[in-house]
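Coordinates as given in target32.tsv (TSV, C-alpha atoms (C1' of nucleotides)):
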chain	number	residue	atom	x	y	z
C	1	MET	CA	-173.69	-163.46	50.51
C	2	SER	CA	-171.42	-164.39	53.36
C	3	ARG	CA	-169.22	-166.64	51.29
C	4	ARG	CA	-167.63	-168.22	54.32
C	5	ALA	CA	-169.32	-169.30	57.49
C	6	ALA	CA	-169.23	-166.17	59.64
C	7	PRO	CA	-166.24	-164.05	58.73
C	8	HIS	CA	-167.67	-160.99	60.38
C	9	PRO	CA	-169.62	-160.54	63.60
C	10	VAL	CA	-172.97	-160.15	61.95
C	11	ILE	CA	-175.40	-158.92	64.53
C	12	ASP	CA	-178.51	-160.91	65.18
C	13	LEU	CA	-180.98	-158.88	67.14
C	14	SER	CA	-184.08	-160.43	65.76
C	15	ALA	CA	-184.36	-163.29	68.20
C	16	ASP	CA	-182.62	-163.01	71.55
C	17	THR	CA	-182.92	-159.35	72.33
C	18	PRO	CA	-186.32	-158.96	74.00
C	19	CYS	CA	-187.16	-155.75	72.19
C	20	CYS	CA	-186.17	-153.39	74.94
C	21	PRO	CA	-188.44	-150.78	76.46
C	22	PRO	CA	-188.17	-147.19	75.28
C	23	LEU	CA	-184.95	-145.40	76.02
C	24	ALA	CA	-186.82	-142.67	77.88
C	25	GLN	CA	-188.68	-145.12	80.08
C	26	ARG	CA	-185.92	-147.20	81.60
C	27	ARG	CA	-182.13	-146.87	81.56
C	28	VAL	CA	-180.64	-148.83	78.70
C	29	PRO	CA	-178.26	-151.40	80.22
C	30	ALA	CA	-174.67	-151.35	79.08
C	31	GLU	CA	-174.98	-154.69	77.30
C	32	THR	CA	-178.03	-153.57	75.36
C	33	ALA	CA	-176.31	-150.33	74.43
C	34	ALA	CA	-173.32	-152.27	73.18
C	35	VAL	CA	-175.57	-154.33	70.93
C	36	LEU	CA	-177.84	-151.56	69.65
C	37	ALA	CA	-175.35	-148.73	69.22
C	38	PRO	CA	-173.71	-150.28	66.13
C	39	ALA	CA	-177.08	-150.26	64.38
C	40	PHE	CA	-177.49	-146.54	65.04
C	41	LYS	CA	-173.91	-146.01	64.03
C	42	ALA	CA	-174.58	-147.71	60.72
C	43	LEU	CA	-177.46	-145.31	60.12
C	44	GLY	CA	-175.26	-142.40	61.13
C	45	ASP	CA	-173.95	-141.77	57.64
C	46	PRO	CA	-176.05	-139.92	55.07
C	47	VAL	CA	-175.16	-142.36	52.31
C	48	ARG	CA	-176.08	-145.38	54.39
C	49	LEU	CA	-179.28	-143.76	55.63
C	50	ARG	CA	-180.34	-143.18	52.03
C	51	LEU	CA	-179.27	-146.69	51.03
C	52	MET	CA	-181.29	-148.11	53.90
C	53	SER	CA	-184.31	-146.10	52.82
C	54	MET	CA	-183.93	-147.06	49.17
C	55	ILE	CA	-183.76	-150.72	50.14
C	56	ALA	CA	-186.57	-150.62	52.68
C	57	SER	CA	-188.89	-148.69	50.41
C	58	ALA	CA	-188.11	-150.58	47.24
C	59	ALA	CA	-190.92	-152.25	45.34
C	60	GLY	CA	-190.89	-155.96	46.08
C	61	GLY	CA	-188.97	-155.31	49.28
C	62	GLU	CA	-185.59	-155.60	47.67
C	63	ALA	CA	-183.18	-153.47	45.69
C	64	CYS	CA	-180.39	-154.37	43.29
C	65	VAL	CA	-176.95	-152.87	43.77
C	66	CYS	CA	-177.13	-151.85	40.14
C	67	ASP	CA	-180.06	-149.60	41.06
C	68	LEU	CA	-178.48	-148.23	44.20
C	69	THR	CA	-175.05	-147.27	42.92
C	70	PRO	CA	-176.08	-144.78	40.21
C	71	ALA	CA	-178.04	-142.76	42.78
C	72	PHE	CA	-174.81	-141.59	44.36
C	73	ASP	CA	-171.73	-139.73	43.25
C	74	LEU	CA	-169.54	-142.48	44.63
C	75	THR	CA	-167.59	-145.37	43.21
C	76	GLY	CA	-168.88	-148.93	43.23
C	77	PRO	CA	-166.48	-150.14	45.92
C	78	THR	CA	-167.55	-147.34	48.22
C	79	ILE	CA	-171.23	-148.23	47.88
C	80	SER	CA	-170.32	-151.87	48.39
C	81	HIS	CA	-168.47	-150.94	51.54
C	82	HIS	CA	-171.48	-149.07	52.91
C	83	LEU	CA	-173.76	-151.97	52.07
C	84	ARG	CA	-171.43	-154.28	53.91
C	85	THR	CA	-171.62	-152.00	56.93
C	86	LEU	CA	-175.42	-152.15	56.85
C	87	ARG	CA	-175.20	-155.92	56.51
C	88	GLU	CA	-172.84	-156.32	59.45
C	89	ALA	CA	-175.09	-154.09	61.53
C	90	GLY	CA	-177.92	-156.55	60.88
C	91	LEU	CA	-180.01	-153.98	59.07
C	92	VAL	CA	-180.13	-155.67	55.68
C	93	ASP	CA	-179.67	-159.04	54.05
C	94	ALA	CA	-178.00	-159.69	50.74
C	95	GLU	CA	-178.65	-162.39	48.20
C	96	ARG	CA	-177.04	-163.06	44.85
C	97	ARG	CA	-179.37	-164.13	42.06
C	98	GLY	CA	-177.54	-164.58	38.83
C	99	THR	CA	-175.53	-161.58	37.89
C	100	TRP	CA	-177.02	-159.19	40.39
C	101	VAL	CA	-177.00	-158.90	44.15
C	102	TYR	CA	-180.22	-157.92	45.87
C	103	TYR	CA	-180.48	-156.29	49.27
C	104	ARG	CA	-183.47	-156.61	51.54
C	105	ALA	CA	-184.32	-154.77	54.76
C	106	ARG	CA	-184.79	-156.55	58.08
C	107	PRO	CA	-187.91	-154.98	59.57
C	108	ALA	CA	-187.44	-156.60	62.97
C	109	ILE	CA	-184.42	-154.56	63.92
C	110	LEU	CA	-185.91	-151.41	62.46
C	111	ARG	CA	-188.94	-151.89	64.68
C	112	GLN	CA	-186.66	-152.49	67.63
C	113	LEU	CA	-184.75	-149.27	67.05
C	114	ALA	CA	-187.99	-147.35	66.57
C	115	ALA	CA	-189.37	-148.78	69.79
C	116	LEU	CA	-186.27	-147.76	71.67
C	117	LEU	CA	-186.65	-144.15	70.53
C	118	THR	CA	-190.36	-144.00	71.22
C	119	VAL	CA	-191.42	-141.18	73.49
C	120	GLU	CA	-194.82	-141.26	75.06
C	121	PRO	CA	-196.85	-138.29	73.80
C	122	GLY	CA	-197.56	-135.42	76.10
C	123	THR	CA	-193.93	-134.58	76.59
C	124	ALA	CA	-193.59	-131.10	75.18
C	125	ALA	CA	-190.69	-130.30	72.91
Q	1	MET	CA	-174.73	-123.59	77.90
Q	2	SER	CA	-173.69	-122.23	74.55
Q	3	ARG	CA	-171.60	-119.49	76.03
Q	4	ARG	CA	-171.26	-117.65	72.72
Q	5	ALA	CA	-173.92	-117.11	70.13
Q	6	ALA	CA	-173.60	-120.24	67.98
Q	7	PRO	CA	-170.05	-121.54	68.14
Q	8	HIS	CA	-171.05	-124.94	66.81
Q	9	PRO	CA	-173.60	-125.96	64.21
Q	10	VAL	CA	-176.22	-127.00	66.69
Q	11	ILE	CA	-178.90	-128.83	64.77
Q	12	ASP	CA	-182.42	-127.59	65.03
Q	13	LEU	CA	-184.82	-130.20	63.77
Q	14	SER	CA	-187.70	-129.32	65.99
Q	15	ALA	CA	-189.27	-126.72	63.79
Q	16	ASP	CA	-188.49	-126.68	60.10
Q	17	THR	CA	-188.11	-130.33	59.30
Q	18	PRO	CA	-191.64	-131.56	58.55
Q	19	CYS	CA	-191.26	-134.80	60.45
Q	20	CYS	CA	-190.47	-136.96	57.45
Q	21	PRO	CA	-192.41	-140.08	56.53
Q	22	PRO	CA	-191.04	-143.49	57.47
Q	23	LEU	CA	-187.80	-144.52	55.86
Q	24	ALA	CA	-189.43	-147.66	54.47
Q	25	GLN	CA	-192.28	-145.76	52.90
Q	26	ARG	CA	-190.57	-143.14	50.80
Q	27	ARG	CA	-186.95	-142.61	49.83
Q	28	VAL	CA	-185.24	-140.28	52.24
Q	29	PRO	CA	-183.99	-137.29	50.22
Q	30	ALA	CA	-180.31	-136.50	50.35
Q	31	GLU	CA	-180.91	-133.26	52.24
Q	32	THR	CA	-183.00	-134.97	54.89
Q	33	ALA	CA	-180.41	-137.69	55.24
Q	34	ALA	CA	-177.70	-135.09	55.72
Q	35	VAL	CA	-179.71	-133.52	58.53
Q	36	LEU	CA	-180.87	-136.69	60.30
Q	37	ALA	CA	-177.76	-138.85	59.97
Q	38	PRO	CA	-175.76	-136.87	62.56
Q	39	ALA	CA	-178.45	-137.62	65.14
Q	40	PHE	CA	-178.17	-141.36	64.49
Q	41	LYS	CA	-174.42	-141.02	64.51
Q	42	ALA	CA	-174.57	-139.41	67.92
Q	43	LEU	CA	-176.57	-142.39	69.20
Q	44	GLY	CA	-174.12	-144.75	67.53
Q	45	ASP	CA	-171.83	-144.99	70.53
Q	46	PRO	CA	-172.69	-147.18	73.53
Q	47	VAL	CA	-171.67	-144.53	76.02
Q	48	ARG	CA	-173.76	-141.85	74.35
Q	49	LEU	CA	-176.73	-144.19	73.97
Q	50	ARG	CA	-176.63	-144.89	77.70
Q	51	LEU	CA	-176.16	-141.20	78.47
Q	52	MET	CA	-179.14	-140.36	76.30
Q	53	SER	CA	-181.23	-142.96	78.08
Q	54	MET	CA	-180.12	-141.83	81.51
Q	55	ILE	CA	-181.05	-138.26	80.67
Q	56	ALA	CA	-184.34	-139.07	78.95
Q	57	SER	CA	-185.49	-141.42	81.69
Q	58	ALA	CA	-184.34	-139.30	84.59
Q	59	ALA	CA	-186.84	-138.25	87.23
Q	60	GLY	CA	-187.87	-134.67	86.60
Q	61	GLY	CA	-186.76	-134.96	83.01
Q	62	GLU	CA	-183.23	-133.84	83.67
Q	63	ALA	CA	-179.98	-135.30	84.87
Q	64	CYS	CA	-176.93	-133.71	86.46
Q	65	VAL	CA	-173.50	-134.43	85.05
Q	66	CYS	CA	-172.47	-135.32	88.57
Q	67	ASP	CA	-174.94	-138.20	88.41
Q	68	LEU	CA	-173.97	-139.30	84.92
Q	69	THR	CA	-170.20	-139.42	85.21
Q	70	PRO	CA	-169.88	-142.00	88.01
Q	71	ALA	CA	-171.93	-144.49	86.00
Q	72	PHE	CA	-169.06	-144.95	83.58
Q	73	ASP	CA	-165.47	-146.02	83.77
Q	74	LEU	CA	-164.39	-142.90	81.94
Q	75	THR	CA	-162.84	-139.60	82.89
Q	76	GLY	CA	-164.85	-136.42	83.31
Q	77	PRO	CA	-163.57	-134.81	80.12
Q	78	THR	CA	-164.60	-137.84	78.09
Q	79	ILE	CA	-168.15	-137.77	79.45
Q	80	SER	CA	-168.25	-134.04	78.82
Q	81	HIS	CA	-167.13	-134.65	75.26
Q	82	HIS	CA	-169.91	-137.19	74.67
Q	83	LEU	CA	-172.48	-134.84	76.17
Q	84	ARG	CA	-171.29	-132.12	73.85
Q	85	THR	CA	-171.76	-134.48	70.91
Q	86	LEU	CA	-175.33	-135.18	72.01
Q	87	ARG	CA	-175.88	-131.46	72.41
Q	88	GLU	CA	-174.54	-130.62	68.95
Q	89	ALA	CA	-176.70	-133.36	67.47
Q	90	GLY	CA	-179.73	-131.58	68.92
Q	91	LEU	CA	-180.63	-134.50	71.14
Q	92	VAL	CA	-180.23	-132.79	74.50
Q	93	ASP	CA	-180.14	-129.34	76.04
Q	94	ALA	CA	-177.86	-128.23	78.84
Q	95	GLU	CA	-178.41	-125.67	81.52
Q	96	ARG	CA	-176.20	-124.54	84.33
Q	97	ARG	CA	-177.90	-123.94	87.67
Q	98	GLY	CA	-175.47	-122.92	90.33
Q	99	THR	CA	-172.67	-125.39	90.65
Q	100	TRP	CA	-174.15	-128.12	88.53
Q	101	VAL	CA	-175.02	-128.56	84.89
Q	102	TYR	CA	-178.26	-130.30	84.04
Q	103	TYR	CA	-179.01	-132.08	80.79
Q	104	ARG	CA	-182.50	-132.52	79.40
Q	105	ALA	CA	-183.72	-134.58	76.46
Q	106	ARG	CA	-185.42	-133.05	73.44
Q	107	PRO	CA	-188.40	-135.33	72.78
Q	108	ALA	CA	-189.21	-133.76	69.42
Q	109	ILE	CA	-186.17	-135.09	67.64
Q	110	LEU	CA	-186.47	-138.45	69.35
Q	111	ARG	CA	-190.01	-138.72	68.03
Q	112	GLN	CA	-188.78	-137.72	64.60
Q	113	LEU	CA	-186.12	-140.42	64.55
Q	114	ALA	CA	-188.60	-143.00	65.82
Q	115	ALA	CA	-191.08	-142.01	63.12
Q	116	LEU	CA	-188.41	-142.38	60.46
Q	117	LEU	CA	-187.67	-145.93	61.56
Q	118	THR	CA	-191.29	-146.93	61.89
Q	119	VAL	CA	-192.25	-149.98	59.88
Q	120	GLU	CA	-195.89	-150.71	59.30
Q	121	PRO	CA	-196.78	-154.03	60.93
Q	122	GLY	CA	-197.39	-157.05	58.79
Q	123	THR	CA	-193.91	-157.05	57.37
Q	124	ALA	CA	-192.42	-160.31	58.51
Q	125	ALA	CA	-188.94	-160.35	59.90
B	1	DC	C1'	-163.19	-171.70	26.40
B	2	DG	C1'	-162.55	-166.56	26.52
B	3	DC	C1'	-164.45	-162.35	27.31
B	4	DC	C1'	-167.57	-159.09	29.35
B	5	DT	C1'	-170.28	-157.19	33.03
B	6	DG	C1'	-171.50	-156.71	37.80
B	7	DT	C1'	-169.98	-156.94	42.48
B	8	DC	C1'	-166.78	-157.56	46.18
B	9	DT	C1'	-162.08	-157.41	48.35
B	10	DT	C1'	-157.61	-155.41	49.09
B	11	DG	C1'	-154.44	-151.84	50.07
B	12	DA	C1'	-153.69	-147.19	50.68
B	13	DC	C1'	-154.54	-142.36	52.03
B	14	DG	C1'	-156.39	-138.51	54.66
B	15	DT	C1'	-159.67	-137.41	58.04
B	16	DC	C1'	-162.51	-138.01	61.99
B	17	DC	C1'	-163.40	-140.19	66.55
B	18	DG	C1'	-162.79	-141.81	71.52
B	19	DT	C1'	-159.87	-141.26	75.14
B	20	DC	C1'	-156.80	-139.14	78.34
B	21	DG	C1'	-153.99	-135.51	81.12
B	22	DA	C1'	-153.45	-130.76	81.86
B	23	DA	C1'	-155.23	-126.41	82.02
B	24	DG	C1'	-159.12	-123.08	82.11
B	25	DC	C1'	-163.61	-121.15	83.67
B	26	DA	C1'	-167.81	-120.60	86.85
B	27	DG	C1'	-170.01	-120.65	91.25
B	28	DA	C1'	-169.94	-121.50	95.99
B	29	DT	C1'	-167.60	-121.23	100.52
B	30	DT	C1'	-164.70	-119.46	103.72
U	1	DA	C1'	-159.51	-112.70	97.91
U	2	DA	C1'	-158.16	-117.23	98.19
U	3	DT	C1'	-159.62	-121.58	97.50
U	4	DC	C1'	-162.28	-125.52	96.43
U	5	DT	C1'	-165.36	-128.22	93.50
U	6	DG	C1'	-167.79	-129.22	89.14
U	7	DC	C1'	-167.59	-129.03	84.38
U	8	DT	C1'	-165.56	-127.73	80.07
U	9	DT	C1'	-161.89	-126.86	76.72
U	10	DC	C1'	-157.31	-127.77	74.77
U	11	DG	C1'	-153.71	-130.64	72.93
U	12	DA	C1'	-152.22	-135.05	71.86
U	13	DC	C1'	-152.28	-139.96	70.65
U	14	DG	C1'	-153.91	-144.40	68.65
U	15	DG	C1'	-157.44	-146.43	66.18
U	16	DA	C1'	-161.45	-146.42	63.22
U	17	DC	C1'	-163.84	-144.45	59.20
U	18	DG	C1'	-164.93	-142.88	54.24
U	19	DT	C1'	-163.07	-142.85	49.99
U	20	DC	C1'	-160.70	-144.40	45.91
U	21	DA	C1'	-157.82	-147.22	42.38
U	22	DA	C1'	-156.52	-151.69	41.30
U	23	DG	C1'	-157.26	-156.31	41.37
U	24	DA	C1'	-160.12	-160.62	42.20
U	25	DC	C1'	-164.24	-163.35	41.83
U	26	DA	C1'	-168.85	-164.90	39.87
U	27	DG	C1'	-172.00	-165.56	36.40
U	28	DG	C1'	-173.73	-164.90	31.58
U	29	DC	C1'	-172.76	-165.00	26.69
U	30	DG	C1'	-170.15	-165.25	22.44
Represent the structure contained in this file as structure tokens.
Amino acid sequence: MSRRAAPHPVIDLSADTPCCPPLAQRRVPAETAAVLAPAFKALGDPVRLRLMSMIASAAGGEACVCDLTPAFDLTGPTISHHLRTLREAGLVDAERRGTWVYYRARPAILRQLAALLTVEPGTAA
Amino acid sequence: MSRRAAPHPVIDLSADTPCCPPLAQRRVPAETAAVLAPAFKALGDPVRLRLMSMIASAAGGEACVCDLTPAFDLTGPTISHHLRTLREAGLVDAERRGTWVYYRARPAILRQLAALLTVEPGTAA
DNA sequence: CGCCTGTCTTGACGTCCGTCGAAGCAGATT
DNA sequence: AATCTGCTTCGACGGACGTCAAGACAGGCG
């Protein structure tokens, strides 16, 4: 995808962000929050959360749009819009192979988000 | 807080939700996505992400609004609004003690969100 | 080439969100 | 009681979001 060079501010957390300590351990700096919040925001929609899960759990590590769309009661453009949101949040990558477009999860950022939310055990609910 | 019985649909994930398997392992069901997405959405704002971190990492496990507000360039009502959002997402609890209101993180849901995002190692970025 | 299928973009619409000022409520102090 | 301080709620405004229909683009196939 990404027909042109960089038409949208695609987030790249995989490299420079030093995989911040847990949110409950040290105050998240404003700059880090500004970078990470969009990723959480992208997961903050039920459709996108399911899309993310379908992509991340797909056999072969990738899922075709043609397999994702029928799982929802939404039009094609709407699914495409949500996939674009996930893409711009840096959560997935897209690749066109022939007729179909395949989406693939980016485990690095998922791990980063999970690490941020990690709470050391022993803290009662 | 919660002056009246249940004026807002405060989410309660601590008990009934069986702490779902990782998002990348099994497809998140629509119902689970509908329940969990609001929590991610609440974290999807830089101010709320910082608030959450300030509360979760506070000494004694709780933070006073009077300590949170001055950390931002926002008015009191705006901070109060964000705290209410975190509260309604089930991420924090509030308690009034005398003059001040103290917020406290709910580790259970944080752990649940972290578990959902967990990716087994070995998956290259 | 022309058409068909799959996907994305555009433009539009209604709704929700982040922010503020003003007003309200709860405790503490005097 | 009167008042002051801390926090919340209310009402409003501009901007962003989720959705769709219509159109555009890409690749395969006749």
Give me the residues within 9 Å of Pro38 (chain Q) as a PDB file with C-alpha atoms, in the frame of the given file, counting only C-alpha atoms (C1' of nucleotides) and dropping any in the same chain fewer than 5 places off.
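After the write, around17.pdb holds the following:
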ATOM      1  CA  LEU C  43    -177.460-145.310  60.120  1.00  0.00           C
ATOM      2  CA  GLY C  44    -175.260-142.400  61.130  1.00  0.00           C
ATOM      3  CA  ASP C  45    -173.950-141.770  57.640  1.00  0.00           C
ATOM      4  CA  PRO C  46    -176.050-139.920  55.070  1.00  0.00           C
TER       5      PRO C  46
ATOM      6  CA  ILE Q  11    -178.900-128.830  64.770  1.00  0.00           C
ATOM      7  CA  ALA Q  33    -180.410-137.690  55.240  1.00  0.00           C
ATOM      8  CA  LEU Q  43    -176.570-142.390  69.200  1.00  0.00           C
ATOM      9  CA  ALA Q  89    -176.700-133.360  67.470  1.00  0.00           C
TER      10      ALA Q  89
END
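With distances taken over only C-alpha atoms (C1' of nucleotides), Q:Val65 is the one residue among Q:Val65, Q:Leu36, Q:Cys20, Q:Ala58 lying closest to chain U.
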Counting all atoms listed in the file, give me one row per residue of chain C with an atom at most 8 Å from an atom of chain Q, showing the shortest contact pair and its distance in Å to one decimal, sorted by chain then residue number, as CSV.
residue,atom,partner,partner_atom,distance
C:Ser14,CA,Q:Ala125,CA,7.6
C:Leu23,CA,Q:Ser53,CA,4.9
C:Ala24,CA,Q:Ser57,CA,4.2
C:Gln25,CA,Q:Ser57,CA,5.1
C:Arg26,CA,Q:Ser57,CA,5.8
C:Arg27,CA,Q:Ser53,CA,5.3
C:Val28,CA,Q:Arg50,CA,5.7
C:Pro29,CA,Q:Arg50,CA,7.2
C:Ala30,CA,Q:Arg50,CA,6.9
C:Ala33,CA,Q:Pro46,CA,4.9
C:Ala34,CA,Q:Pro46,CA,5.1
C:Leu36,CA,Q:Pro46,CA,7.8
C:Ala37,CA,Q:Gly44,CA,4.5
C:Pro38,CA,Q:Gly44,CA,5.7
C:Ala39,CA,Q:Gly44,CA,7.0
C:Phe40,CA,Q:Gly44,CA,4.6
C:Lys41,CA,Q:Gly44,CA,3.7
C:Ala42,CA,Q:Gly44,CA,7.4
C:Leu43,CA,Q:Phe40,CA,5.9
C:Gly44,CA,Q:Lys41,CA,3.7
C:Asp45,CA,Q:Ala37,CA,5.3
C:Pro46,CA,Q:Ala33,CA,4.9
C:Val47,CA,Q:Ala33,CA,7.6
C:Leu49,CA,Q:Ala33,CA,6.2
C:Arg50,CA,Q:Val28,CA,5.7
C:Met52,CA,Q:Leu23,CA,7.7
C:Ser53,CA,Q:Leu23,CA,4.9
C:Met54,CA,Q:Arg27,CA,5.4
C:Ile55,CA,Q:Ala24,CA,7.8
C:Ala56,CA,Q:Ala24,CA,4.5
C:Ser57,CA,Q:Ala24,CA,4.2
C:Ala58,CA,Q:Ala24,CA,7.9
C:Arg106,CA,Q:Ala125,CA,5.9
C:Pro107,CA,Q:Ala125,CA,5.5
C:Ala108,CA,Q:Ala125,CA,5.1
C:Leu110,CA,Q:Leu117,CA,5.8
C:Arg111,CA,Q:Val119,CA,6.1
C:Leu113,CA,Q:Leu117,CA,7.1
C:Ala114,CA,Q:Ala114,CA,4.5
C:Ala115,CA,Q:Ala114,CA,7.1
C:Leu116,CA,Q:Ala114,CA,7.9
C:Leu117,CA,Q:Ala114,CA,5.2
C:Thr118,CA,Q:Ala114,CA,5.8
C:Val119,CA,Q:Arg111,CA,6.2
C:Thr123,CA,Q:Pro107,CA,6.8
C:Ala124,CA,Q:Pro107,CA,7.1
C:Ala125,CA,Q:Ala108,CA,5.1
Requested write-out: C-alpha atoms of the selected residues, as a short mmCIF file (atom, residue, chain, number, x, y, z; two decimals), in the frame of the given file:
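For reference, selection17.cif as written:
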data_model
loop_
_atom_site.label_atom_id
_atom_site.label_comp_id
_atom_site.auth_asym_id
_atom_site.auth_seq_id
_atom_site.Cartn_x
_atom_site.Cartn_y
_atom_site.Cartn_z
CA SER C 14 -184.08 -160.43 65.76
CA LEU C 23 -184.95 -145.40 76.02
CA ALA C 24 -186.82 -142.67 77.88
CA GLN C 25 -188.68 -145.12 80.08
CA ARG C 26 -185.92 -147.20 81.60
CA ARG C 27 -182.13 -146.87 81.56
CA VAL C 28 -180.64 -148.83 78.70
CA PRO C 29 -178.26 -151.40 80.22
CA ALA C 30 -174.67 -151.35 79.08
CA ALA C 33 -176.31 -150.33 74.43
CA ALA C 34 -173.32 -152.27 73.18
CA LEU C 36 -177.84 -151.56 69.65
CA ALA C 37 -175.35 -148.73 69.22
CA PRO C 38 -173.71 -150.28 66.13
CA ALA C 39 -177.08 -150.26 64.38
CA PHE C 40 -177.49 -146.54 65.04
CA LYS C 41 -173.91 -146.01 64.03
CA ALA C 42 -174.58 -147.71 60.72
CA LEU C 43 -177.46 -145.31 60.12
CA GLY C 44 -175.26 -142.40 61.13
CA ASP C 45 -173.95 -141.77 57.64
CA PRO C 46 -176.05 -139.92 55.07
CA VAL C 47 -175.16 -142.36 52.31
CA LEU C 49 -179.28 -143.76 55.63
CA ARG C 50 -180.34 -143.18 52.03
CA MET C 52 -181.29 -148.11 53.90
CA SER C 53 -184.31 -146.10 52.82
CA MET C 54 -183.93 -147.06 49.17
CA ILE C 55 -183.76 -150.72 50.14
CA ALA C 56 -186.57 -150.62 52.68
CA SER C 57 -188.89 -148.69 50.41
CA ALA C 58 -188.11 -150.58 47.24
CA ARG C 106 -184.79 -156.55 58.08
CA PRO C 107 -187.91 -154.98 59.57
CA ALA C 108 -187.44 -156.60 62.97
CA LEU C 110 -185.91 -151.41 62.46
CA ARG C 111 -188.94 -151.89 64.68
CA LEU C 113 -184.75 -149.27 67.05
CA ALA C 114 -187.99 -147.35 66.57
CA ALA C 115 -189.37 -148.78 69.79
CA LEU C 116 -186.27 -147.76 71.67
CA LEU C 117 -186.65 -144.15 70.53
CA THR C 118 -190.36 -144.00 71.22
CA VAL C 119 -191.42 -141.18 73.49
CA THR C 123 -193.93 -134.58 76.59
CA ALA C 124 -193.59 -131.10 75.18
CA ALA C 125 -190.69 -130.30 72.91
#
Hey, which bits of chain U sit within 10 Å of chain C, and for each residue what's the closest pair of atoms and how far apart in Å (one decimal), counting all atoms listed in the file, rows by chain and increasing number, as a tab-separated table?
residue	atom	partner	partner_atom	distance
U:DG18	C1'	C:Thr78	CA	7.9
U:DT19	C1'	C:Thr78	CA	6.6
U:DC20	C1'	C:Thr75	CA	7.5
U:DA21	C1'	C:Pro77	CA	9.8
U:DA26	C1'	C:Thr99	CA	7.7
U:DG27	C1'	C:Thr99	CA	5.5
U:DG28	C1'	C:Thr99	CA	7.4
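Near region 8-15 of chain B, within a cut-off of 8 Å and counting all atoms listed in the file, sit the residues Pro77 and Ser80 of chain C; DG23, DA24 and DC25 of chain U, with same-chain residues fewer than 5 positions away left out.
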> At what distance in Å, to one decimal, does C1' of DA26 (chain B) lie from CA of Cys66 (chain Q)?
Replying inline: 15.5 Å
> Looking at C:Ala63, C:Pro21, C:Val92, C:Arg84, which one is nearest to chain B, with distances taken over all atoms listed in the file?
Replying inline: C:Arg84
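Taking CA of Cys64 (chain Q) and CA of Arg104 (chain Q) as the two end points, the separation is 9.1 Å.
Between CA of Glu62 (chain Q) and CA of Tyr103 (chain Q) the interatomic distance comes to 5.4 Å.
Of the residues listed (C:Asp93, C:Gly60, C:Asp67, C:Glu88), C:Asp67 shows the shortest atom-to-atom separation from chain B; distances use all atoms listed in the file.
Interface residues of chain B facing chain Q, defined by any atom at most 9 Å away and using all atoms listed in the file, are DG18, DT19, DC20, DA26, DG27 and DA28 of chain B.
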